[in-house]
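*Asks:* Contents are TSV, C-alpha atoms; file name run.tsv:
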chain	number	residue	atom	x	y	z
A	10	MET	CA	-8.66	49.03	38.45
A	11	ASP	CA	-11.64	48.76	40.81
A	12	ARG	CA	-14.22	46.26	39.71
A	13	VAL	CA	-17.48	48.17	39.29
A	14	GLN	CA	-20.36	46.28	37.74
A	15	VAL	CA	-22.22	49.10	36.03
A	16	GLY	CA	-24.51	46.83	34.03
A	17	ALA	CA	-25.75	47.08	30.47
A	18	GLY	CA	-29.52	47.02	30.57
A	19	ILE	CA	-31.97	49.83	31.22
A	20	SER	CA	-34.74	49.36	33.71
A	21	GLY	CA	-37.02	51.63	35.67
A	22	ASP	CA	-37.45	48.96	38.35
A	23	PHE	CA	-35.47	49.82	41.49
A	24	THR	CA	-36.82	46.99	43.64
A	25	ARG	CA	-33.46	45.25	43.39
A	26	TRP	CA	-31.75	48.22	45.00
A	27	THR	CA	-34.05	48.51	47.99
A	28	SER	CA	-33.52	44.80	48.57
A	29	GLU	CA	-29.73	45.13	48.30
A	30	PHE	CA	-29.53	48.17	50.56
A	31	GLU	CA	-31.77	46.51	53.15
A	32	ALA	CA	-29.67	43.35	53.01
A	33	LYS	CA	-26.57	45.44	53.68
A	34	VAL	CA	-28.26	47.05	56.70
A	35	ARG	CA	-28.87	43.58	58.14
A	36	ALA	CA	-25.32	42.47	57.35
A	37	ARG	CA	-23.83	45.54	59.06
A	38	ALA	CA	-25.96	44.93	62.14
A	39	ALA	CA	-24.83	41.32	62.29
A	40	ALA	CA	-21.14	42.13	61.78
A	41	GLY	CA	-21.02	45.09	64.14
A	42	ASP	CA	-18.58	47.98	64.06
A	43	PRO	CA	-14.81	47.77	63.74
A	44	ASP	CA	-12.95	47.65	67.04
A	45	TRP	CA	-12.43	51.38	67.58
A	46	ALA	CA	-10.65	50.76	70.87
A	47	ARG	CA	-7.55	49.41	69.14
A	48	GLY	CA	-6.88	52.92	67.83
A	49	ALA	CA	-5.45	54.18	64.56
A	50	ARG	CA	-2.14	55.77	63.66
A	51	LEU	CA	-2.43	58.29	60.86
A	52	HIS	CA	0.02	60.75	59.35
A	53	PRO	CA	-1.15	64.37	59.84
A	54	ALA	CA	-1.64	64.74	56.06
A	55	VAL	CA	-3.89	61.67	56.06
A	56	VAL	CA	-5.85	63.04	59.01
A	57	ARG	CA	-6.54	66.27	57.10
A	58	SER	CA	-7.52	64.31	54.01
A	59	VAL	CA	-9.89	61.97	55.86
A	60	GLN	CA	-11.46	64.97	57.63
A	61	ARG	CA	-12.38	66.47	54.25
A	62	PHE	CA	-13.89	63.22	53.01
A	63	GLN	CA	-15.81	62.88	56.26
A	64	VAL	CA	-17.43	66.26	55.62
A	65	GLY	CA	-18.39	65.17	52.12
A	66	GLU	CA	-20.09	62.03	53.43
A	67	SER	CA	-22.06	63.81	56.15
A	68	GLY	CA	-24.82	65.63	54.26
A	69	ASP	CA	-28.44	65.06	55.24
A	70	GLY	CA	-29.52	64.27	51.67
A	71	ALA	CA	-32.74	66.25	51.97
A	72	ASN	CA	-32.34	67.86	48.55
A	73	LEU	CA	-31.78	64.54	46.79
A	74	ILE	CA	-34.69	62.96	48.64
A	75	GLY	CA	-36.98	65.80	47.56
A	76	LYS	CA	-35.97	65.42	43.91
A	77	ALA	CA	-36.34	61.64	44.08
A	78	ASP	CA	-39.84	62.01	45.56
A	79	ARG	CA	-40.81	64.42	42.79
A	80	ALA	CA	-39.65	61.88	40.20
A	81	GLY	CA	-42.74	59.86	41.10
A	82	ASP	CA	-41.17	56.43	41.68
A	83	PRO	CA	-41.76	55.25	45.28
A	84	GLU	CA	-39.31	52.37	44.94
A	85	TYR	CA	-36.56	54.69	43.76
A	86	SER	CA	-37.34	57.13	46.58
A	87	ALA	CA	-37.04	54.30	49.09
A	88	ALA	CA	-33.70	53.23	47.60
A	89	VAL	CA	-32.40	56.83	47.72
A	90	ARG	CA	-33.20	57.05	51.42
A	91	LEU	CA	-31.29	53.83	52.05
A	92	PHE	CA	-28.39	55.13	49.97
A	93	ILE	CA	-28.26	58.32	52.04
A	94	ASP	CA	-28.35	56.31	55.25
A	95	GLU	CA	-25.31	54.42	53.98
A	96	GLU	CA	-23.48	57.67	53.23
A	97	ARG	CA	-24.26	58.91	56.72
A	98	ASN	CA	-22.85	55.68	58.10
A	99	HIS	CA	-19.64	56.39	56.17
A	100	ALA	CA	-19.44	59.79	57.84
A	101	ARG	CA	-20.06	58.18	61.23
A	102	MET	CA	-17.31	55.59	60.71
A	103	LEU	CA	-14.82	58.17	59.45
A	104	GLY	CA	-15.59	60.34	62.45
A	105	LEU	CA	-14.96	57.42	64.81
A	106	LEU	CA	-11.79	56.55	62.91
A	107	LEU	CA	-10.52	60.09	63.35
A	108	ARG	CA	-11.35	59.94	67.05
A	109	SER	CA	-9.45	56.65	67.28
A	110	ALA	CA	-6.46	58.46	65.82
A	111	GLY	CA	-6.77	61.26	68.37
A	112	ALA	CA	-8.20	63.73	65.87
A	113	GLY	CA	-11.54	65.42	65.44
A	114	THR	CA	-13.85	66.20	62.56
A	115	ILE	CA	-14.15	69.57	60.84
A	116	SER	CA	-17.33	71.55	60.31
A	117	GLY	CA	-16.85	72.14	56.60
A	118	HIS	CA	-14.51	72.50	53.66
A	119	TRP	CA	-14.71	74.70	50.58
A	120	SER	CA	-14.62	71.72	48.18
A	121	ASP	CA	-17.72	70.21	49.78
A	122	THR	CA	-19.48	73.58	49.62
A	123	VAL	CA	-18.84	73.73	45.87
A	124	PHE	CA	-20.09	70.17	45.35
A	125	VAL	CA	-23.27	70.85	47.29
A	126	TYR	CA	-23.92	74.06	45.33
A	127	LEU	CA	-23.51	72.30	41.98
A	128	ARG	CA	-25.70	69.40	43.02
A	129	ARG	CA	-28.55	71.66	44.10
A	130	THR	CA	-28.44	73.96	41.10
A	131	LEU	CA	-30.82	72.11	38.78
A	132	GLY	CA	-32.84	68.88	38.70
A	133	LEU	CA	-32.30	65.25	39.59
A	134	ARG	CA	-30.14	64.50	36.54
A	135	VAL	CA	-27.64	67.24	37.37
A	136	GLU	CA	-27.64	66.26	41.03
A	137	LEU	CA	-26.82	62.65	40.15
A	138	MET	CA	-24.17	63.63	37.60
A	139	VAL	CA	-22.34	65.75	40.18
A	140	LEU	CA	-22.84	63.09	42.85
A	141	MET	CA	-21.31	60.52	40.52
A	142	LEU	CA	-18.16	62.64	40.26
A	143	ALA	CA	-17.78	62.33	44.01
A	144	GLU	CA	-18.48	58.60	43.89
A	145	VAL	CA	-15.82	57.97	41.24
A	146	ILE	CA	-13.26	60.01	43.17
A	147	ALA	CA	-14.24	58.06	46.30
A	148	LEU	CA	-13.68	54.71	44.58
A	149	ARG	CA	-10.08	55.57	43.78
A	150	TYR	CA	-9.44	57.36	47.08
A	151	TYR	CA	-10.73	54.65	49.41
A	152	ARG	CA	-8.82	51.98	47.51
A	153	ALA	CA	-5.64	54.02	47.94
A	154	LEU	CA	-6.44	54.58	51.62
A	155	ARG	CA	-7.15	50.88	52.18
A	156	ASP	CA	-4.07	49.62	50.38
A	157	GLY	CA	-1.55	52.28	51.37
A	158	CYS	CA	-2.41	53.63	54.82
A	159	GLY	CA	-0.37	51.04	56.72
A	160	ASP	CA	-2.87	51.02	59.60
A	161	PRO	CA	-5.15	47.97	60.16
A	162	LEU	CA	-8.17	49.86	61.53
A	163	THR	CA	-8.03	52.48	58.77
A	164	ALA	CA	-7.66	49.78	56.12
A	165	GLN	CA	-10.73	47.99	57.49
A	166	VAL	CA	-12.86	51.13	57.50
A	167	ALA	CA	-11.73	52.12	54.00
A	168	GLY	CA	-12.49	48.62	52.73
A	169	LEU	CA	-16.02	48.71	54.16
A	170	ILE	CA	-16.73	52.09	52.59
A	171	LEU	CA	-15.19	51.04	49.27
A	172	ALA	CA	-17.49	48.01	49.08
A	173	ASP	CA	-20.49	50.30	49.51
A	174	GLU	CA	-19.26	52.78	46.90
A	175	GLN	CA	-18.84	49.97	44.37
A	176	ARG	CA	-22.55	49.30	44.76
A	177	HIS	CA	-23.56	52.97	44.63
A	178	VAL	CA	-22.15	53.53	41.16
A	179	PRO	CA	-24.40	51.06	39.28
A	180	PHE	CA	-27.37	52.31	41.31
A	181	HIS	CA	-26.85	55.87	40.09
A	182	CYS	CA	-25.98	54.66	36.57
A	183	GLN	CA	-29.35	52.96	36.31
A	184	ARG	CA	-31.23	56.10	37.31
A	185	LEU	CA	-29.25	58.27	34.91
A	186	ARG	CA	-29.98	55.87	32.04
A	187	VAL	CA	-33.68	56.16	32.83
A	188	ALA	CA	-33.43	59.95	33.11
A	189	PHE	CA	-31.68	60.31	29.74
A	190	ALA	CA	-33.71	57.66	27.91
A	191	ALA	CA	-35.97	60.18	26.17
A	192	SER	CA	-33.22	62.73	25.42
A	193	SER	CA	-31.93	63.26	21.90
A	194	ARG	CA	-28.47	62.08	20.96
A	195	PRO	CA	-27.14	65.69	20.73
A	196	ALA	CA	-28.49	66.42	24.21
A	197	ARG	CA	-26.84	63.31	25.59
A	198	LEU	CA	-23.59	64.13	23.81
A	199	PHE	CA	-23.61	67.63	25.29
A	200	ALA	CA	-24.22	66.18	28.77
A	201	VAL	CA	-21.33	63.73	28.34
A	202	VAL	CA	-18.92	66.48	27.22
A	203	VAL	CA	-19.87	68.71	30.17
A	204	TRP	CA	-19.60	65.72	32.51
A	205	TRP	CA	-16.07	64.95	31.32
A	206	LEU	CA	-15.03	68.58	31.72
A	207	LEU	CA	-16.36	68.63	35.27
A	208	LEU	CA	-14.59	65.36	36.03
A	209	ALA	CA	-11.31	66.78	34.76
A	210	GLY	CA	-11.64	69.84	36.98
A	211	VAL	CA	-12.66	67.87	40.07
A	212	THR	CA	-9.84	65.36	39.57
A	213	VAL	CA	-7.22	68.10	39.35
A	214	VAL	CA	-8.56	69.80	42.49
A	215	VAL	CA	-8.68	66.58	44.53
A	216	SER	CA	-5.26	65.43	43.29
A	217	VAL	CA	-3.72	68.70	44.40
A	218	ASP	CA	-5.73	69.13	47.60
A	219	HIS	CA	-5.03	65.58	48.80
A	220	GLY	CA	-1.60	65.21	47.23
A	221	ALA	CA	0.26	64.99	50.55
A	222	ALA	CA	-2.00	62.16	51.74
A	223	LEU	CA	-1.77	60.35	48.42
A	224	ARG	CA	2.01	60.36	48.75
A	225	GLN	CA	1.62	58.62	52.10
A	226	PHE	CA	-0.35	55.91	50.30
A	227	GLY	CA	2.37	55.53	47.67
A	228	VAL	CA	0.12	57.02	44.98
A	229	GLY	CA	1.26	59.97	42.90
A	230	ARG	CA	-1.12	62.69	41.81
A	231	LEU	CA	-0.86	61.60	38.18
A	232	ASP	CA	-1.50	57.95	39.04
A	233	PHE	CA	-4.52	58.96	41.08
A	234	ALA	CA	-5.88	61.01	38.18
A	235	ARG	CA	-5.31	58.18	35.72
A	236	GLY	CA	-7.19	55.79	37.95
A	237	VAL	CA	-10.17	58.15	38.23
A	238	ILE	CA	-10.25	58.70	34.45
A	239	ALA	CA	-10.09	54.96	33.76
A	240	LEU	CA	-13.06	54.35	36.06
A	241	PHE	CA	-15.06	57.22	34.58
A	242	ALA	CA	-14.44	55.98	31.05
A	243	VAL	CA	-16.22	52.74	31.96
A	244	ILE	CA	-19.09	54.45	33.74
A	245	VAL	CA	-20.02	57.24	31.30
A	246	PRO	CA	-21.32	55.15	28.37
A	247	THR	CA	-23.41	53.07	30.76
A	248	ALA	CA	-24.96	56.06	32.53
A	249	ILE	CA	-25.52	58.18	29.40
A	250	PRO	CA	-25.44	55.96	26.29
A	251	LEU	CA	-25.01	57.79	23.00
A	252	THR	CA	-26.98	55.34	20.87
A	253	ASP	CA	-29.89	56.90	19.02
A	254	THR	CA	-32.37	54.40	20.36
A	255	VAL	CA	-32.58	53.63	24.07
A	256	ARG	CA	-34.82	50.71	24.96
A	257	MET	CA	-36.56	50.65	28.30
A	258	ALA	CA	-36.77	47.20	29.92
How would this structure read if it were set down as structure tokens?
*Replies:*
Amino acid sequence: MDRVQVGAGISGDFTRWTSEFEAKVRARAAAGDPDWARGARLHPAVVRSVQRFQVGESGDGANLIGKADRAGDPEYSAAVRLFIDEERNHARMLGLLLRSAGAGTISGHWSDTVFVYLRRTLGLRVELMVLMLAEVIALRYYRALRDGCGDPLTAQVAGLILADEQRHVPFHCQRLRVAFAASSRPARLFAVVVWWLLLAGVTVVVSVDHGAALRQFGVGRLDFARGVIALFAVIVPTAIPLTDTVRMA
């Protein structure tokens, strides 16, 4: 299973995250891009799958930024902007990977449209809960892509994105813990139940929609779903704890 350090404490201080995101910006600049000129060889099913993930990574983040600004924490707002920049970089790299494979990007996909609609429906908590579904799916997907694609350039790109996603999860977990800190236990329990139901639906859709690509990675639909569920089971109690008393650090 992917190692995701979700953390145990609750803190409203997001200074750590701005520092970590900024450090990653410097590290990326120092390392430079993968060597796109060496090209990539991808099965047509993998091309279609990567195109859909590229669309999902390419949003402008304006809605999330607006909600983060309204939350009234300048440090969190700064961290969100850096997070969105990292997601945009994922979209950029996936686009260049597709070009290296002789393929193009697509303008949209129905699954991304649904995700965006759900994220924008209510406030910051709902936006982050839906966003976390995508992050958990991404953790399992990019690991499968890295380990099973059989192409060095693709494996490198997937590994770079996976490392970022492993950092995104605890970042969002921390904010969700802060957001639910004052909620009653029944309210948190309701949120957890709805969250699990959404995860189940999303996992089924992605497993079916990307099944042909997953087979190319040597991962069955059921194995993919099990991996997503195992990750989510670790994340949920950290993001929305069900204890009656939640202490703020």
*Asks:* Looking at A:Leu198, A:Leu185, A:Val166, A:Ala234, which one is nearest to Val139 in chain A, with distances taken over all atoms listed in the file?
*Replies:*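 That would be A:Leu185, the residue with the smallest distance to Val139 in chain A.
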*Asks:* Name the residues in contact with Val59 in chain A at a cut-off of 9 Å, using all atoms listed in the file, excluding same-chain residues fewer than 5 positions from it; report them as JSON, numbers by chain.
*Replies:* {"A": [54, 64, 103, 104, 107, 114, 222]}
*Asks:* Neighbouring residues of Leu137 in chain A were defined as those with any atom within 8 Å, considering all atoms listed in the file; residues of the same chain fewer than 2 positions away were excluded. Please report them as an mmCIF file with C-alpha atoms, keeping the file's coordinate frame.
*Replies:*
data_model
loop_
_atom_site.group_PDB
_atom_site.id
_atom_site.type_symbol
_atom_site.label_atom_id
_atom_site.label_comp_id
_atom_site.auth_asym_id
_atom_site.auth_seq_id
_atom_site.Cartn_x
_atom_site.Cartn_y
_atom_site.Cartn_z
ATOM 1 C CA ARG A 128 -25.700 69.400 43.020
ATOM 2 C CA LEU A 133 -32.300 65.250 39.590
ATOM 3 C CA ARG A 134 -30.140 64.500 36.540
ATOM 4 C CA VAL A 135 -27.640 67.240 37.370
ATOM 5 C CA VAL A 139 -22.340 65.750 40.180
ATOM 6 C CA LEU A 140 -22.840 63.090 42.850
ATOM 7 C CA MET A 141 -21.310 60.520 40.520
ATOM 8 C CA HIS A 181 -26.850 55.870 40.090
ATOM 9 C CA LEU A 185 -29.250 58.270 34.910
#
*Asks:* Starting from the point (-13.6, 58.4, 43.8), work out which residues of protein, DNA or RNA have an atom no more than 12 Å away when counting only C-alpha atoms; state them as a ChimeraX atom specification.
*Replies:* /A:10-11,13,62,65,139-154,170-171,174-175,177-178,208,211-212,215-216,233-241
*Asks:* Hey, what's within 12 Å of Arg25 in chain A if we count all atoms listed in the file and toss same-chain stuff fewer than 5 positions away? As a compact mmCIF listing (two decimals) with C-alpha atoms, in the frame of the given file, please?
*Replies:*
# COMPACT_ATOMS: atom_id res chain seq x y z
CA SER A 20 -34.74 49.36 33.71
CA PHE A 30 -29.53 48.17 50.56
CA GLU A 31 -31.77 46.51 53.15
CA ALA A 32 -29.67 43.35 53.01
CA GLU A 84 -39.31 52.37 44.94
CA TYR A 85 -36.56 54.69 43.76
CA ALA A 87 -37.04 54.30 49.09
CA ALA A 88 -33.70 53.23 47.60
CA ARG A 176 -22.55 49.30 44.76
CA PRO A 179 -24.40 51.06 39.28
CA PHE A 180 -27.37 52.31 41.31
CA GLN A 183 -29.35 52.96 36.31
*Asks:* Which of these residues is nearest to Gly227 in chain A, using all atoms listed in the file: A:Leu206, A:Cys158, A:Met102, A:Ala248?
*Replies:*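 Smallest distance to Gly227 in chain A is found for A:Cys158.
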*Asks:* Considering all atoms listed in the file, state which residue in the set A:Gly229, A:Gly210, A:Pro195, A:Gly132 is at the smallest distance from Asp78 in chain A.
*Replies:*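 Using all atoms listed in the file, the shortest distance to Asp78 in chain A belongs to A:Gly132.
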*Asks:* At a cut-off of 9 Å, using only C-alpha atoms, what residues contact Gln165 in chain A? Leave out same-chain residues fewer than 4 positions from it and give the result as a ChimeraX atom specification.
*Replies:* /A:43,155,160-161,169-170
*Asks:* Record the distance separating CA of Leu162 in chain A and CA of Gly48 in chain A, expressed in Å with one decimal.
*Replies:*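 Separating CA of Leu162 in chain A from CA of Gly48 in chain A is a distance of 7.1 Å.
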*Asks:* Just to confirm, what's the straight-line distance from CA of Ile244 in chain A to CA of Trp205 in chain A in Å (one decimal)?
*Replies:*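 Between CA of Ile244 in chain A and CA of Trp205 in chain A the gap is 11.2 Å.
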*Asks:* If you measure from CA of Pro53 in chain A to CA of Gln225 in chain A, what distance in Å do you get, rounded to one decimal?
*Replies:*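 Spanning CA of Pro53 in chain A to CA of Gln225 in chain A is a straight-line distance of 10.0 Å.
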*Asks:* Compare A:Leu91, A:Ala172, A:Ile74, A:Cys182 by their minimum atom-to-atom distance to Val243 in chain A, counting all atoms listed in the file, and give me the closest one.
*Replies:* A:Cys182
*Asks:* Have a look at A:Asp173, A:Asp22, A:Asp42, A:Asp156 and name the one nearest to Ile93 in chain A; count only C-alpha atoms.
*Replies:* A:Asp173
*Asks:* Restricting the calculation to all atoms listed in the file: of A:Lys76, A:Arg61, A:Ser109, A:Glu66, which residue gets closest to Asp44 in chain A?
*Replies:* A:Ser109
*Asks:* Using the atoms already present, construct N, CA, C and O atoms for range 39-54 of chain A and hand them back as a CSV table (one decimal), keeping the file's coordinate frame.
*Replies:*
chain,number,residue,atom,x,y,z
A,39,ALA,N,-25.3,42.6,61.8
A,39,ALA,CA,-24.8,41.3,62.3
A,39,ALA,C,-23.3,41.4,62.5
A,39,ALA,O,-22.8,40.7,63.5
A,40,ALA,N,-22.6,42.1,61.7
A,40,ALA,CA,-21.1,42.1,61.8
A,40,ALA,C,-20.7,43.1,62.9
A,40,ALA,O,-19.6,42.8,63.5
A,41,GLY,N,-21.4,44.1,63.1
A,41,GLY,CA,-21.0,45.1,64.1
A,41,GLY,C,-19.9,46.0,63.6
A,41,GLY,O,-19.5,45.9,62.5
A,42,ASP,N,-19.6,47.0,64.4
A,42,ASP,CA,-18.6,48.0,64.1
A,42,ASP,C,-17.2,47.4,64.2
A,42,ASP,O,-16.9,46.4,64.9
A,43,PRO,N,-16.2,48.1,63.5
A,43,PRO,CA,-14.8,47.8,63.7
A,43,PRO,C,-14.5,48.0,65.2
A,43,PRO,O,-15.2,48.7,65.9
A,44,ASP,N,-13.4,47.5,65.7
A,44,ASP,CA,-13.0,47.6,67.0
A,44,ASP,C,-12.2,49.0,67.2
A,44,ASP,O,-11.0,49.1,67.0
A,45,TRP,N,-13.0,50.0,67.5
A,45,TRP,CA,-12.4,51.4,67.6
A,45,TRP,C,-11.4,51.5,68.7
A,45,TRP,O,-10.5,52.3,68.6
A,46,ALA,N,-11.5,50.6,69.7
A,46,ALA,CA,-10.6,50.8,70.9
A,46,ALA,C,-9.2,50.5,70.5
A,46,ALA,O,-8.3,50.9,71.3
A,47,ARG,N,-9.0,49.7,69.4
A,47,ARG,CA,-7.6,49.4,69.1
A,47,ARG,C,-6.8,50.6,68.6
A,47,ARG,O,-5.6,50.6,68.5
A,48,GLY,N,-7.5,51.7,68.2
A,48,GLY,CA,-6.9,52.9,67.8
A,48,GLY,C,-6.3,52.9,66.4
A,48,GLY,O,-6.2,51.8,65.8
A,49,ALA,N,-6.0,54.0,65.9
A,49,ALA,CA,-5.4,54.2,64.6
A,49,ALA,C,-4.3,55.1,64.6
A,49,ALA,O,-4.3,56.1,65.4
A,50,ARG,N,-3.3,54.9,63.8
A,50,ARG,CA,-2.1,55.8,63.7
A,50,ARG,C,-2.1,56.3,62.2
A,50,ARG,O,-1.9,55.6,61.3
A,51,LEU,N,-2.3,57.6,62.2
A,51,LEU,CA,-2.4,58.3,60.9
A,51,LEU,C,-1.5,59.5,60.8
A,51,LEU,O,-1.3,60.3,61.7
A,52,HIS,N,-0.8,59.6,59.6
A,52,HIS,CA,0.0,60.8,59.4
A,52,HIS,C,-0.9,62.0,59.4
A,52,HIS,O,-2.0,62.0,59.0
A,53,PRO,N,-0.3,63.1,59.8
A,53,PRO,CA,-1.2,64.4,59.8
A,53,PRO,C,-1.8,64.7,58.5
A,53,PRO,O,-2.9,65.2,58.4
A,54,ALA,N,-1.1,64.5,57.4
A,54,ALA,CA,-1.6,64.7,56.1
A,54,ALA,C,-2.8,63.8,55.8
A,54,ALA,O,-3.8,64.3,55.1
